file run.csv (CSV, C-alpha atoms)
chain,number,residue,atom,x,y,z
A,1,MET,CA,83.7,231.8,19.2
A,2,ALA,CA,83.4,228.2,20.3
A,3,SER,CA,85.1,225.7,18.0
A,4,ALA,CA,85.5,222.0,17.6
A,5,GLU,CA,87.4,219.6,15.4
A,6,PHE,CA,85.6,217.2,13.1
A,7,TRP,CA,87.9,214.2,12.4
A,8,TYR,CA,86.8,212.0,9.5
A,9,GLU,CA,88.1,209.2,7.3
A,10,PHE,CA,86.9,208.8,3.7
A,11,ALA,CA,86.7,205.1,4.0
A,12,SER,CA,84.4,205.3,7.1
A,13,THR,CA,80.8,204.6,6.5
A,14,TYR,CA,79.4,206.7,9.4
A,15,SER,CA,81.6,209.6,8.3
A,16,TYR,CA,79.3,209.9,5.3
A,17,PRO,CA,76.1,211.0,7.1
A,18,ALA,CA,78.2,212.9,9.6
A,19,ALA,CA,79.9,215.0,6.9
A,20,LEU,CA,76.5,215.9,5.5
A,21,ARG,CA,75.1,216.8,8.9
A,22,VAL,CA,77.8,218.4,10.9
A,23,GLY,CA,78.0,221.8,9.2
A,24,PRO,CA,74.4,222.9,9.8
A,25,LEU,CA,74.5,221.4,13.3
A,26,ALA,CA,77.6,223.4,14.2
A,27,GLU,CA,76.3,226.6,12.7
A,28,ALA,CA,73.0,226.3,14.7
A,29,ARG,CA,75.0,226.1,17.9
A,30,GLY,CA,77.5,228.9,16.9
A,31,VAL,CA,80.4,226.5,16.8
A,32,SER,CA,83.1,227.0,14.3
A,33,LEU,CA,84.4,223.7,12.8
A,34,VAL,CA,87.8,222.6,11.8
A,35,TRP,CA,87.6,219.7,9.3
A,36,ARG,CA,90.5,217.2,9.9
A,37,PRO,CA,90.8,214.3,7.5
A,38,PHE,CA,92.8,211.4,8.7
A,39,LEU,CA,93.4,207.7,8.2
A,40,LEU,CA,92.0,205.0,10.4
A,41,GLY,CA,94.6,202.5,9.1
A,42,PRO,CA,97.3,203.3,11.6
A,43,ILE,CA,94.8,203.3,14.5
A,44,PHE,CA,93.3,200.0,13.5
A,45,ALA,CA,96.8,198.5,12.9
A,46,ALA,CA,97.7,199.4,16.5
A,47,GLN,CA,94.7,197.2,17.6
A,48,GLY,CA,95.9,194.3,15.4
A,49,TRP,CA,93.3,195.0,12.6
A,50,ARG,CA,94.5,194.9,9.0
A,51,ASP,CA,91.0,195.4,7.6
A,52,SER,CA,87.8,197.2,8.5
A,53,PRO,CA,86.4,195.7,11.7
A,54,PHE,CA,83.1,195.6,9.8
A,55,ASN,CA,84.8,193.0,7.5
A,56,ILE,CA,86.7,191.2,10.3
A,57,TYR,CA,83.5,190.8,12.3
A,58,PRO,CA,80.7,190.0,9.8
A,59,ALA,CA,77.9,190.3,12.4
A,60,LYS,CA,79.0,193.8,13.2
A,61,GLY,CA,79.3,194.5,9.5
A,62,ARG,CA,75.7,193.3,8.8
A,63,TYR,CA,74.4,195.4,11.6
A,64,MET,CA,76.3,198.5,10.4
A,65,TRP,CA,75.1,198.3,6.8
A,66,ARG,CA,71.5,198.0,8.0
A,67,ASP,CA,71.9,200.7,10.5
A,68,LEU,CA,73.5,203.0,7.9
A,69,GLU,CA,70.6,202.2,5.5
A,70,ARG,CA,68.1,203.4,8.2
A,71,THR,CA,70.2,206.5,8.9
A,72,CYS,CA,70.4,207.5,5.3
A,73,LYS,CA,66.8,206.8,4.7
A,74,ALA,CA,65.8,209.0,7.7
A,75,MET,CA,68.1,211.8,6.3
A,76,GLY,CA,66.7,211.4,2.8
A,77,VAL,CA,70.1,210.8,1.3
A,78,PRO,CA,71.0,207.9,-1.1
A,79,LEU,CA,73.2,204.9,0.0
A,80,LYS,CA,75.0,202.7,-2.4
A,81,ARG,CA,77.7,200.4,-1.0
A,82,PRO,CA,81.0,200.9,-2.8
A,83,GLU,CA,82.9,197.8,-3.9
A,84,PRO,CA,85.3,196.9,-2.5
A,85,PHE,CA,84.7,198.1,1.0
A,86,PRO,CA,86.6,199.8,2.5
A,87,GLN,CA,87.6,202.0,-0.4
A,88,PRO,CA,91.3,203.1,-0.6
A,89,SER,CA,91.1,206.6,0.9
A,90,LEU,CA,94.8,207.7,1.0
A,91,LEU,CA,94.7,209.9,-2.1
A,92,ALA,CA,91.4,211.5,-1.1
A,93,ALA,CA,92.8,212.2,2.4
A,94,ARG,CA,95.9,213.8,1.0
A,95,VAL,CA,94.0,216.0,-1.4
A,96,ALA,CA,91.5,217.1,1.3
A,97,LEU,CA,94.4,218.0,3.6
A,98,ALA,CA,96.1,220.0,0.9
A,99,LEU,CA,93.0,222.1,0.5
A,100,GLU,CA,92.0,224.7,3.0
A,101,GLY,CA,88.7,226.2,4.4
A,102,ASP,CA,85.6,225.9,2.3
A,103,GLU,CA,87.4,224.0,-0.5
A,104,ARG,CA,88.3,221.2,1.9
A,105,VAL,CA,84.8,221.1,3.2
A,106,ASN,CA,83.2,221.1,-0.3
A,107,PHE,CA,85.6,218.5,-1.7
A,108,SER,CA,85.1,216.3,1.4
A,109,ARG,CA,81.4,216.3,1.2
A,110,ARG,CA,81.5,215.5,-2.6
A,111,VAL,CA,83.9,212.6,-2.0
A,112,PHE,CA,81.5,211.1,0.6
A,113,ALA,CA,78.4,211.7,-1.6
A,114,ALA,CA,80.2,210.0,-4.6
A,115,GLU,CA,81.5,207.1,-2.6
A,116,PHE,CA,78.5,206.2,-0.4
A,117,GLY,CA,75.7,207.9,-2.3
A,118,GLU,CA,76.7,206.6,-5.7
A,119,GLY,CA,79.1,203.8,-5.0
A,120,MET,CA,82.0,205.4,-6.8
A,121,ALA,CA,85.6,204.4,-6.6
A,122,ILE,CA,87.3,207.2,-4.6
A,123,GLY,CA,90.7,205.7,-5.1
A,124,ASP,CA,90.5,206.6,-8.7
A,125,ARG,CA,92.4,209.7,-9.6
A,126,ALA,CA,90.1,210.6,-12.5
A,127,ILE,CA,87.1,210.5,-10.2
A,128,LEU,CA,88.8,212.7,-7.6
A,129,GLY,CA,89.8,215.0,-10.4
A,130,ALA,CA,86.3,215.4,-11.5
A,131,LEU,CA,85.2,216.1,-7.9
A,132,LEU,CA,87.9,218.8,-7.6
A,133,ALA,CA,86.8,220.4,-10.8
A,134,ALA,CA,83.2,220.4,-9.5
A,135,CYS,CA,84.6,222.4,-6.6
A,136,SER,CA,86.3,224.9,-9.0
A,137,VAL,CA,89.7,223.6,-7.9
A,138,ASP,CA,92.4,222.9,-10.5
A,139,PRO,CA,92.9,219.1,-10.2
A,140,ALA,CA,96.5,219.0,-11.4
A,141,ALA,CA,97.6,221.7,-9.0
A,142,ALA,CA,95.7,220.0,-6.2
A,143,PHE,CA,97.2,216.6,-6.8
A,144,GLU,CA,100.7,218.1,-6.9
A,145,ARG,CA,100.2,219.8,-3.6
A,146,ALA,CA,98.5,216.6,-2.2
A,147,GLU,CA,101.4,214.4,-3.2
A,148,SER,CA,104.2,216.7,-2.1
A,149,ALA,CA,106.5,215.3,0.6
A,150,ALA,CA,105.4,218.0,3.0
A,151,ASN,CA,101.7,217.2,2.6
A,152,LYS,CA,102.4,213.4,2.9
A,153,GLY,CA,104.2,214.1,6.1
A,154,ARG,CA,101.5,216.4,7.4
A,155,LEU,CA,98.9,213.6,6.9
A,156,LYS,CA,101.1,211.2,8.9
A,157,ALA,CA,101.3,213.8,11.6
A,158,GLU,CA,97.5,214.2,11.6
A,159,CYS,CA,97.1,210.4,12.1
A,160,ALA,CA,99.6,210.4,14.9
A,161,ARG,CA,97.7,213.4,16.5
A,162,ALA,CA,94.4,211.6,16.2
A,163,ALA,CA,95.7,208.6,18.1
A,164,GLU,CA,97.3,210.8,20.7
A,165,ILE,CA,94.1,212.7,21.5
A,166,GLY,CA,92.0,209.5,21.8
A,167,VAL,CA,90.3,209.4,18.4
A,168,ILE,CA,89.5,205.7,18.2
A,169,GLY,CA,87.3,205.6,15.2
A,170,ALA,CA,85.6,207.9,12.7
A,171,PRO,CA,83.9,210.3,12.8
A,172,CYS,CA,84.9,212.0,16.0
A,173,LEU,CA,84.0,215.4,17.3
A,174,VAL,CA,86.8,216.8,19.5
A,175,THR,CA,86.2,219.8,21.7
A,176,GLN,CA,88.7,222.5,22.7
A,177,ASP,CA,88.9,221.0,26.2
A,178,GLY,CA,89.8,217.6,24.8
A,179,GLU,CA,86.6,215.7,25.0
A,180,VAL,CA,86.1,213.1,22.2
A,181,PHE,CA,82.7,212.2,20.9
A,182,TRP,CA,82.8,209.2,18.6
A,183,GLY,CA,80.1,208.5,16.0
A,184,ASN,CA,77.7,210.1,13.7
A,185,ASP,CA,75.1,209.7,16.5
A,186,ARG,CA,77.2,211.8,18.9
A,187,LEU,CA,77.6,214.9,16.8
A,188,GLU,CA,74.9,216.8,18.6
A,189,GLN,CA,76.2,215.9,22.0
A,190,GLY,CA,79.8,216.9,21.1
A,191,LEU,CA,78.7,220.2,19.5
A,192,ASN,CA,76.5,221.0,22.6
A,193,TRP,CA,79.5,220.4,24.7
A,194,ALA,CA,81.7,222.6,22.5
A,195,ALA,CA,79.0,225.3,22.7
A,196,GLY,CA,79.3,225.3,26.4
A,197,ALA,CA,76.3,223.2,27.4
A,198,HIS,CA,78.5,221.4,30.0
A,199,VAL,CA,79.5,224.6,31.8
A,200,GLY,CA,79.2,223.9,35.5
A,201,ASP,CA,79.7,220.2,34.8
A,202,ASP,CA,82.6,219.2,37.0
A,203,VAL,CA,83.0,215.6,35.7
B,204,MET,CA,49.9,197.7,21.7
B,205,ALA,CA,53.4,198.1,20.2
B,206,SER,CA,56.0,196.2,21.9
B,207,ALA,CA,59.8,195.8,21.8
B,208,GLU,CA,62.5,193.7,23.4
B,209,PHE,CA,65.2,195.1,25.6
B,210,TRP,CA,68.2,192.8,25.5
B,211,TYR,CA,70.7,193.5,28.2
B,212,GLU,CA,73.8,192.0,29.9
B,213,PHE,CA,74.7,192.7,33.5
B,214,ALA,CA,78.4,193.0,32.8
B,215,SER,CA,77.8,195.6,30.1
B,216,THR,CA,78.5,199.2,31.0
B,217,TYR,CA,76.1,200.8,28.6
B,218,SER,CA,73.3,198.5,29.8
B,219,TYR,CA,73.4,200.4,33.1
B,220,PRO,CA,72.2,203.8,31.9
B,221,ALA,CA,69.9,202.0,29.4
B,222,ALA,CA,68.2,200.0,32.1
B,223,LEU,CA,67.5,203.1,34.0
B,224,ARG,CA,66.2,205.0,31.0
B,225,VAL,CA,64.4,202.5,28.9
B,226,GLY,CA,61.2,202.1,31.0
B,227,PRO,CA,60.0,205.7,31.0
B,228,LEU,CA,61.1,206.1,27.4
B,229,ALA,CA,59.0,203.2,26.3
B,230,GLU,CA,56.0,204.3,28.4
B,231,ALA,CA,56.1,207.7,26.9
B,232,ARG,CA,55.8,206.1,23.4
B,233,GLY,CA,53.1,203.6,24.4
B,234,VAL,CA,55.5,200.7,23.8
B,235,SER,CA,55.3,197.6,26.0
B,236,LEU,CA,58.8,196.2,26.9
B,237,VAL,CA,60.0,192.7,27.2
B,238,TRP,CA,63.2,192.6,29.3
B,239,ARG,CA,65.5,189.9,28.0
B,240,PRO,CA,68.7,189.3,30.0
B,241,PHE,CA,71.4,187.4,28.2
B,242,LEU,CA,75.2,186.9,28.1
B,243,LEU,CA,77.6,188.5,25.7
B,244,GLY,CA,80.2,185.8,26.4
B,245,PRO,CA,79.1,183.4,23.6
B,246,ILE,CA,78.6,186.3,21.1
B,247,PHE,CA,82.1,187.7,21.9
B,248,ALA,CA,83.6,184.2,21.8
B,249,ALA,CA,82.3,183.7,18.3
B,250,GLN,CA,84.3,186.8,17.3
B,251,GLY,CA,87.4,185.4,19.0
B,252,TRP,CA,87.2,187.6,22.1
B,253,ARG,CA,87.8,186.0,25.5
B,254,ASP,CA,87.5,189.2,27.4
B,255,SER,CA,85.5,192.5,27.1
B,256,PRO,CA,86.6,194.3,23.9
B,257,PHE,CA,87.1,197.3,26.3
B,258,ASN,CA,89.9,195.4,27.9
B,259,ILE,CA,91.3,193.9,24.7
B,260,TYR,CA,91.4,197.3,23.1
B,261,PRO,CA,92.6,199.7,25.8
B,262,ALA,CA,92.0,202.9,23.8
B,263,LYS,CA,88.4,201.9,23.3
B,264,GLY,CA,88.2,201.1,27.0
B,265,ARG,CA,89.5,204.5,27.9
B,266,TYR,CA,87.0,206.2,25.6
B,267,MET,CA,84.1,204.1,27.0
B,268,TRP,CA,84.8,204.9,30.6
B,269,ARG,CA,85.0,208.6,29.9
B,270,ASP,CA,81.9,208.5,27.8
B,271,LEU,CA,80.0,206.6,30.4
B,272,GLU,CA,81.1,209.1,33.0
B,273,ARG,CA,79.7,211.9,30.9
B,274,THR,CA,76.5,209.9,30.3
B,275,CYS,CA,75.9,209.2,33.9
B,276,LYS,CA,76.7,212.8,34.9
B,277,ALA,CA,74.2,214.1,32.4
B,278,MET,CA,71.6,211.7,33.8
B,279,GLY,CA,72.4,212.6,37.4
B,280,VAL,CA,73.2,209.0,38.4
B,281,PRO,CA,76.4,207.8,40.2
B,282,LEU,CA,79.2,205.8,38.5
B,283,LYS,CA,81.6,203.7,40.3
B,284,ARG,CA,83.7,201.3,38.3
B,285,PRO,CA,83.5,197.7,39.6
B,286,GLU,CA,86.7,195.7,40.1
B,287,PRO,CA,87.3,193.5,38.3
B,288,PHE,CA,85.7,194.6,35.1
B,289,PRO,CA,83.8,192.9,33.6
B,290,GLN,CA,82.0,191.4,36.6
B,291,PRO,CA,80.9,187.8,36.4
B,292,SER,CA,77.3,188.1,35.4
B,293,LEU,CA,76.1,184.5,35.0
B,294,LEU,CA,74.3,184.1,38.3
B,295,ALA,CA,72.6,187.5,38.0
B,296,ALA,CA,71.4,186.7,34.5
B,297,ARG,CA,70.0,183.3,35.6
B,298,VAL,CA,68.2,184.9,38.5
B,299,ALA,CA,66.8,187.7,36.3
B,300,LEU,CA,65.5,185.2,33.8
B,301,ALA,CA,63.9,183.1,36.6
B,302,LEU,CA,61.9,186.1,37.6
B,303,GLU,CA,59.0,187.4,35.6
B,304,GLY,CA,57.4,190.8,34.9
B,305,ASP,CA,58.0,193.6,37.3
B,306,GLU,CA,60.1,191.4,39.6
B,307,ARG,CA,62.6,190.9,36.7
B,308,VAL,CA,62.6,194.6,35.9
B,309,ASN,CA,63.1,195.7,39.5
B,310,PHE,CA,65.8,193.2,40.2
B,311,SER,CA,67.6,194.0,37.0
B,312,ARG,CA,67.7,197.8,37.7
B,313,ARG,CA,68.9,197.1,41.2
B,314,VAL,CA,71.7,194.9,40.0
B,315,PHE,CA,72.9,197.6,37.6
B,316,ALA,CA,72.6,200.3,40.2
B,317,ALA,CA,74.6,198.2,42.7
B,318,GLU,CA,77.3,197.2,40.2
B,319,PHE,CA,77.9,200.5,38.3
B,320,GLY,CA,76.5,203.0,40.8
B,321,GLU,CA,78.2,201.5,43.8
B,322,GLY,CA,80.9,199.3,42.4
B,323,MET,CA,79.5,196.2,44.1
B,324,ALA,CA,80.4,192.6,43.2
B,325,ILE,CA,77.4,191.2,41.4
B,326,GLY,CA,78.9,187.7,41.2
B,327,ASP,CA,78.5,187.5,44.9
B,328,ARG,CA,75.5,185.4,46.0
B,329,ALA,CA,75.0,187.4,49.2
B,330,ILE,CA,74.8,190.7,47.4
B,331,LEU,CA,72.3,189.3,44.9
B,332,GLY,CA,70.3,187.8,47.7
B,333,ALA,CA,70.1,191.2,49.4
B,334,LEU,CA,69.0,192.8,46.1
B,335,LEU,CA,66.3,190.1,45.8
B,336,ALA,CA,65.1,190.7,49.3
B,337,ALA,CA,64.9,194.4,48.5
B,338,CYS,CA,62.6,193.5,45.7
B,339,SER,CA,60.4,191.4,48.1
B,340,VAL,CA,61.5,188.2,46.4
B,341,ASP,CA,62.6,185.3,48.6
B,342,PRO,CA,66.3,184.8,47.8
B,343,ALA,CA,66.5,181.0,48.5
B,344,ALA,CA,63.5,180.3,46.2
B,345,ALA,CA,64.8,182.6,43.5
B,346,PHE,CA,68.2,181.0,43.5
B,347,GLU,CA,66.7,177.5,43.4
B,348,ARG,CA,64.6,178.4,40.3
B,349,ALA,CA,67.6,180.3,38.8
B,350,GLU,CA,69.9,177.3,39.1
B,351,SER,CA,67.5,174.7,37.9
B,352,ALA,CA,68.5,172.8,34.8
B,353,ALA,CA,65.5,174.2,33.0
B,354,ASN,CA,66.4,177.8,33.7
B,355,LYS,CA,70.1,177.2,32.8
B,356,GLY,CA,68.9,175.7,29.5
B,357,ARG,CA,66.6,178.6,29.0
B,358,LEU,CA,69.4,181.2,29.4
B,359,LYS,CA,71.5,179.3,26.9
B,360,ALA,CA,68.6,179.4,24.5
B,361,GLU,CA,68.2,183.1,25.1
B,362,CYS,CA,71.9,183.6,24.2
B,363,ALA,CA,71.5,181.6,21.0
B,364,ARG,CA,68.4,183.6,20.1
B,365,ALA,CA,70.3,186.9,20.6
B,366,ALA,CA,73.0,185.8,18.2
B,367,GLU,CA,70.4,184.6,15.7
B,368,ILE,CA,68.4,187.8,15.6
B,369,GLY,CA,71.5,190.0,15.2
B,370,VAL,CA,72.2,191.2,18.7
B,371,ILE,CA,75.9,192.0,18.5
B,372,GLY,CA,76.4,193.8,21.8
B,373,ALA,CA,74.4,195.2,24.7
B,374,PRO,CA,72.1,196.8,25.2
B,375,CYS,CA,70.0,196.2,22.1
B,376,LEU,CA,66.4,197.3,21.4
B,377,VAL,CA,64.7,194.8,19.1
B,378,THR,CA,61.4,195.6,17.4
B,379,GLN,CA,58.6,193.2,16.4
B,380,ASP,CA,59.6,193.5,12.8
B,381,GLY,CA,63.1,192.4,13.6
B,382,GLU,CA,65.0,195.7,13.6
B,383,VAL,CA,68.0,195.8,16.0
B,384,PHE,CA,69.2,199.1,17.6
B,385,TRP,CA,72.4,198.7,19.4
B,386,GLY,CA,73.5,201.0,22.2
B,387,ASN,CA,72.2,203.1,25.1
B,388,ASP,CA,72.2,206.1,22.6
B,389,ARG,CA,69.8,204.3,20.3
B,390,LEU,CA,67.0,203.5,22.7
B,391,GLU,CA,64.9,206.5,21.5
B,392,GLN,CA,65.4,205.6,17.9
B,393,GLY,CA,64.5,201.9,18.5
B,394,LEU,CA,61.4,202.8,20.5
B,395,ASN,CA,60.3,205.3,18.0
B,396,TRP,CA,60.6,202.6,15.3
B,397,ALA,CA,58.6,200.2,17.6
B,398,ALA,CA,55.9,202.8,18.1
B,399,GLY,CA,55.4,203.0,14.3
B,400,ALA,CA,57.4,206.1,13.5
B,401,HIS,CA,58.8,204.3,10.5
B,402,VAL,CA,55.3,203.6,9.0
B,403,GLY,CA,55.6,204.3,5.3
B,404,ASP,CA,59.3,203.8,5.4
B,405,ASP,CA,60.0,201.3,2.7
B,406,VAL,CA,63.7,200.7,3.4
call {"tool": "encode", "arguments": {"input": "run.csv", "output": "structure tokens"}}
result
Amino acid sequence: MASAEFWYEFASTYSYPAALRVGPLAEARGVSLVWRPFLLGPIFAAQGWRDSPFNIYPAKGRYMWRDLERTCKAMGVPLKRPEPFPQPSLLAARVALALEGDERVNFSRRVFAAEFGEGMAIGDRAILGALLAACSVDPAAAFERAESAANKGRLKAECARAAEIGVIGAPCLVTQDGEVFWGNDRLEQGLNWAAGAHVGDDV
Amino acid sequence: MASAEFWYEFASTYSYPAALRVGPLAEARGVSLVWRPFLLGPIFAAQGWRDSPFNIYPAKGRYMWRDLERTCKAMGVPLKRPEPFPQPSLLAARVALALEGDERVNFSRRVFAAEFGEGMAIGDRAILGALLAACSVDPAAAFERAESAANKGRLKAECARAAEIGVIGAPCLVTQDGEVFWGNDRLEQGLNWAAGAHVGDDV
């Protein structure tokens, strides 16, 4: 079965619609998805950015929020800008990585919906705990696994891996043959590629 | 008739496929297009960039060239990276602005095809002259109009206008109601909006 990796960051605005869309899009193409939470911080820091580029470059930020508004409206999903933006996403990423399979997917979708659909503070342990409970995951056990040295190291390795394979932003769809498709608006293209639509394409 | 503005920059890589695609896409939706050449330099300078962000941020540059390669391959058009990148685009932009209607469109498409399809130096007056001649435009007369004080001032005003309406990169599709859609991959969305597909959308 064809498969692809979905790299996402909880602080990333476009990861929100992507996380809601990517599952059904992959299923429709017979592509199995691996959800890979990571942090953009190290990747941005390597470019000299200590904040979201949407804050560093206000014109880009204004464009992005309007564009996201249109995108969410077209999808019929709510959008409420969290304050501050970006939200601290480290704990959510550690928790997501400590979960496996459907639990990771369900938790991740709920985090995005809470953060960008309801403007909730996803750096808040109580809020993440409630989201875990809503996924039928025991919060205390999940936080313990999330904050273990092993899991912290694993997240660091994931971030290094992202940089290594050319993930330059979030979300990214990465195919088995190493193609990177960046952006919510490139999910279909990346999944088509993963499903073999490029067979015979000798680029 | 619905109309939209197509803002493009001759040094911009993604303006190349967009310039080849946008005409038929607009026609299919009954949208009349105004081609508006401009320069990204002043917009990038306002963000502190003195070079293409694809050069300043090499990881982003590597992604872009691979992505453009895939895009061109899928469209069945050639891609040859011009050296240096970005190409000096001031003269081409002045010439395009000095032309009107179909002449501007034809010349602009030829410039992009020469630059990114054949890797030609579009800062070279002789090359632009040959492209003008191929459009049945007298090169000497076109250069004279292009380099008149009035036309130079007009291009400056176009760049100021671009910044004012929220054009943050190239290409951009701008609708009559002021919506900006940035990127070759957003042409369809912008043109659908221009054609009224958002009627009833109260965002």
call {"tool": "atom_distance", "arguments": {"input": "run.csv", "atom1": "atom CA of A:Phe10", "atom2": "atom CA of A:Pro88"}}
result
8.4 Å
call {"tool": "residues_around", "arguments": {"input": "run.csv", "residues": "stretch 251-266 of chain B", "least_positions_apart": "5", "cutoff": "7 Å", "atoms": "all atoms listed in the file", "output": "ChimeraX atom specification"}}
result
/A:47,166,168 /B:289
call {"tool": "residues_around", "arguments": {"input": "run.csv", "residues": "A:Arg94", "least_positions_apart": "6", "cutoff": "10 Å", "atoms": "only C-alpha atoms", "output": "number ranges by chain"}}
result
A: 37-39, 142-143, 145-148, 151-156
call {"tool": "write_last_selection", "arguments": {"input": "run.csv", "atoms": "C-alpha atoms", "output": "PDB file, in the coordinates of the input"}}
result
ATOM      1  CA  PRO A  37      90.800 214.300   7.500  1.00  0.00           C
ATOM      2  CA  PHE A  38      92.800 211.400   8.700  1.00  0.00           C
ATOM      3  CA  LEU A  39      93.400 207.700   8.200  1.00  0.00           C
ATOM      4  CA  ALA A 142      95.700 220.000  -6.200  1.00  0.00           C
ATOM      5  CA  PHE A 143      97.200 216.600  -6.800  1.00  0.00           C
ATOM      6  CA  ARG A 145     100.200 219.800  -3.600  1.00  0.00           C
ATOM      7  CA  ALA A 146      98.500 216.600  -2.200  1.00  0.00           C
ATOM      8  CA  GLU A 147     101.400 214.400  -3.200  1.00  0.00           C
ATOM      9  CA  SER A 148     104.200 216.700  -2.100  1.00  0.00           C
ATOM     10  CA  ASN A 151     101.700 217.200   2.600  1.00  0.00           C
ATOM     11  CA  LYS A 152     102.400 213.400   2.900  1.00  0.00           C
ATOM     12  CA  GLY A 153     104.200 214.100   6.100  1.00  0.00           C
ATOM     13  CA  ARG A 154     101.500 216.400   7.400  1.00  0.00           C
ATOM     14  CA  LEU A 155      98.900 213.600   6.900  1.00  0.00           C
ATOM     15  CA  LYS A 156     101.100 211.200   8.900  1.00  0.00           C
TER      16      LYS A 156
END
call {"tool": "closest_residue", "arguments": {"input": "run.csv", "among": "B:Phe319, B:Trp268, B:Tyr211, B:Trp238", "to": "chain A", "atoms": "all atoms listed in the file"}}
result
B:Trp268
call {"tool": "closest_residue", "arguments": {"input": "run.csv", "among": "A:Ser3, A:Ser32, A:Gln189, A:Ser15", "to": "chain B", "atoms": "only C-alpha atoms"}}
result
A:Gln189
call {"tool": "atom_distance", "arguments": {"input": "run.csv", "atom1": "atom CA of A:Val174", "atom2": "atom CA of A:Asn192"}}
result
11.5 Å
call {"tool": "closest_residue", "arguments": {"input": "run.csv", "among": "B:Trp396, B:Phe288, B:Trp210, B:Phe310", "to": "chain A", "atoms": "all atoms listed in the file"}}
result
B:Trp396
call {"tool": "atom_distance", "arguments": {"input": "run.csv", "atom1": "atom CA of A:Ser12", "atom2": "atom CA of B:Ala366"}}
result
25.2 Å
call {"tool": "residues_around", "arguments": {"input": "run.csv", "residues": "stretch 333-341 of chain B", "least_positions_apart": "4", "cutoff": "12 Å", "atoms": "all atoms listed in the file", "output": "ChimeraX atom specification"}}
result
/B:295,298-299,301-303,305-318,323-325,327-329,345-348
call {"tool": "residues_around", "arguments": {"input": "run.csv", "residues": "stretch 179-182 of chain A", "least_positions_apart": "6", "cutoff": "10 Å", "atoms": "only C-alpha atoms", "output": "list in words"}}
result
Ala4, Glu5, Phe6, Trp7, Ile165, Gly166, Val167, Ile168, Gly169, Ala170, Pro171, Cys172, Leu173, Glu188, Gln189, Gly190, Leu191, Trp193 and Ala194 of chain A; Tyr266, Met267, Arg269, Asp270 and Arg273 of chain B
call {"tool": "closest_residue", "arguments": {"input": "run.csv", "among": "A:Gly76, A:Gly101, A:Gly123, A:Gly30", "to": "chain B", "atoms": "all atoms listed in the file"}}
result
A:Gly76
call {"tool": "residues_near_point", "arguments": {"input": "run.csv", "point": "(78.7, 211.0, 37.3)", "cutoff": "12 Å", "atoms": "all atoms listed in the file", "output": "ChimeraX atom specification"}}
result
/A:201-203 /B:220,268-284,319-321
call {"tool": "closest_residue", "arguments": {"input": "run.csv", "among": "A:Gln176, A:Ala160, A:Gly196, A:Gly119", "to": "A:Val34", "atoms": "all atoms listed in the file"}}
result
A:Gln176
call {"tool": "build_atoms", "arguments": {"input": "run.csv", "residues": "stretch 298-309 of chain B", "atoms": "N, CA and C atoms", "output": "PDB file, in the frame of the given file"}}
result
ATOM      1  N   VAL B 298      69.243 184.494  37.573  1.00  0.00           N
ATOM      2  CA  VAL B 298      68.200 184.900  38.500  1.00  0.00           C
ATOM      3  C   VAL B 298      67.185 185.817  37.801  1.00  0.00           C
ATOM      4  N   ALA B 299      67.679 186.768  37.031  1.00  0.00           N
ATOM      5  CA  ALA B 299      66.800 187.700  36.300  1.00  0.00           C
ATOM      6  C   ALA B 299      65.820 186.916  35.421  1.00  0.00           C
ATOM      7  N   LEU B 300      66.363 185.932  34.738  1.00  0.00           N
ATOM      8  CA  LEU B 300      65.500 185.200  33.800  1.00  0.00           C
ATOM      9  C   LEU B 300      64.506 184.312  34.556  1.00  0.00           C
ATOM     10  N   ALA B 301      64.850 183.899  35.769  1.00  0.00           N
ATOM     11  CA  ALA B 301      63.900 183.100  36.600  1.00  0.00           C
ATOM     12  C   ALA B 301      62.783 183.911  37.142  1.00  0.00           C
ATOM     13  N   LEU B 302      62.971 185.228  37.165  1.00  0.00           N
ATOM     14  CA  LEU B 302      61.900 186.100  37.600  1.00  0.00           C
ATOM     15  C   LEU B 302      61.036 186.506  36.437  1.00  0.00           C
ATOM     16  N   GLU B 303      59.854 187.006  36.719  1.00  0.00           N
ATOM     17  CA  GLU B 303      59.000 187.400  35.600  1.00  0.00           C
ATOM     18  C   GLU B 303      58.496 188.859  35.860  1.00  0.00           C
ATOM     19  N   GLY B 304      58.060 189.475  34.810  1.00  0.00           N
ATOM     20  CA  GLY B 304      57.400 190.800  34.900  1.00  0.00           C
ATOM     21  C   GLY B 304      58.135 191.830  35.693  1.00  0.00           C
ATOM     22  N   ASP B 305      57.394 192.511  36.575  1.00  0.00           N
ATOM     23  CA  ASP B 305      58.000 193.600  37.300  1.00  0.00           C
ATOM     24  C   ASP B 305      59.133 193.152  38.221  1.00  0.00           C
ATOM     25  N   GLU B 306      59.059 191.929  38.714  1.00  0.00           N
ATOM     26  CA  GLU B 306      60.100 191.400  39.600  1.00  0.00           C
ATOM     27  C   GLU B 306      61.456 191.405  38.787  1.00  0.00           C
ATOM     28  N   ARG B 307      61.375 190.955  37.546  1.00  0.00           N
ATOM     29  CA  ARG B 307      62.600 190.900  36.700  1.00  0.00           C
ATOM     30  C   ARG B 307      63.132 192.343  36.491  1.00  0.00           C
ATOM     31  N   VAL B 308      62.228 193.242  36.188  1.00  0.00           N
ATOM     32  CA  VAL B 308      62.600 194.600  35.900  1.00  0.00           C
ATOM     33  C   VAL B 308      63.249 195.270  37.155  1.00  0.00           C
ATOM     34  N   ASN B 309      62.582 195.123  38.282  1.00  0.00           N
ATOM     35  CA  ASN B 309      63.100 195.700  39.500  1.00  0.00           C
ATOM     36  C   ASN B 309      64.430 195.159  39.914  1.00  0.00           C
TER      37      ASN B 309
END
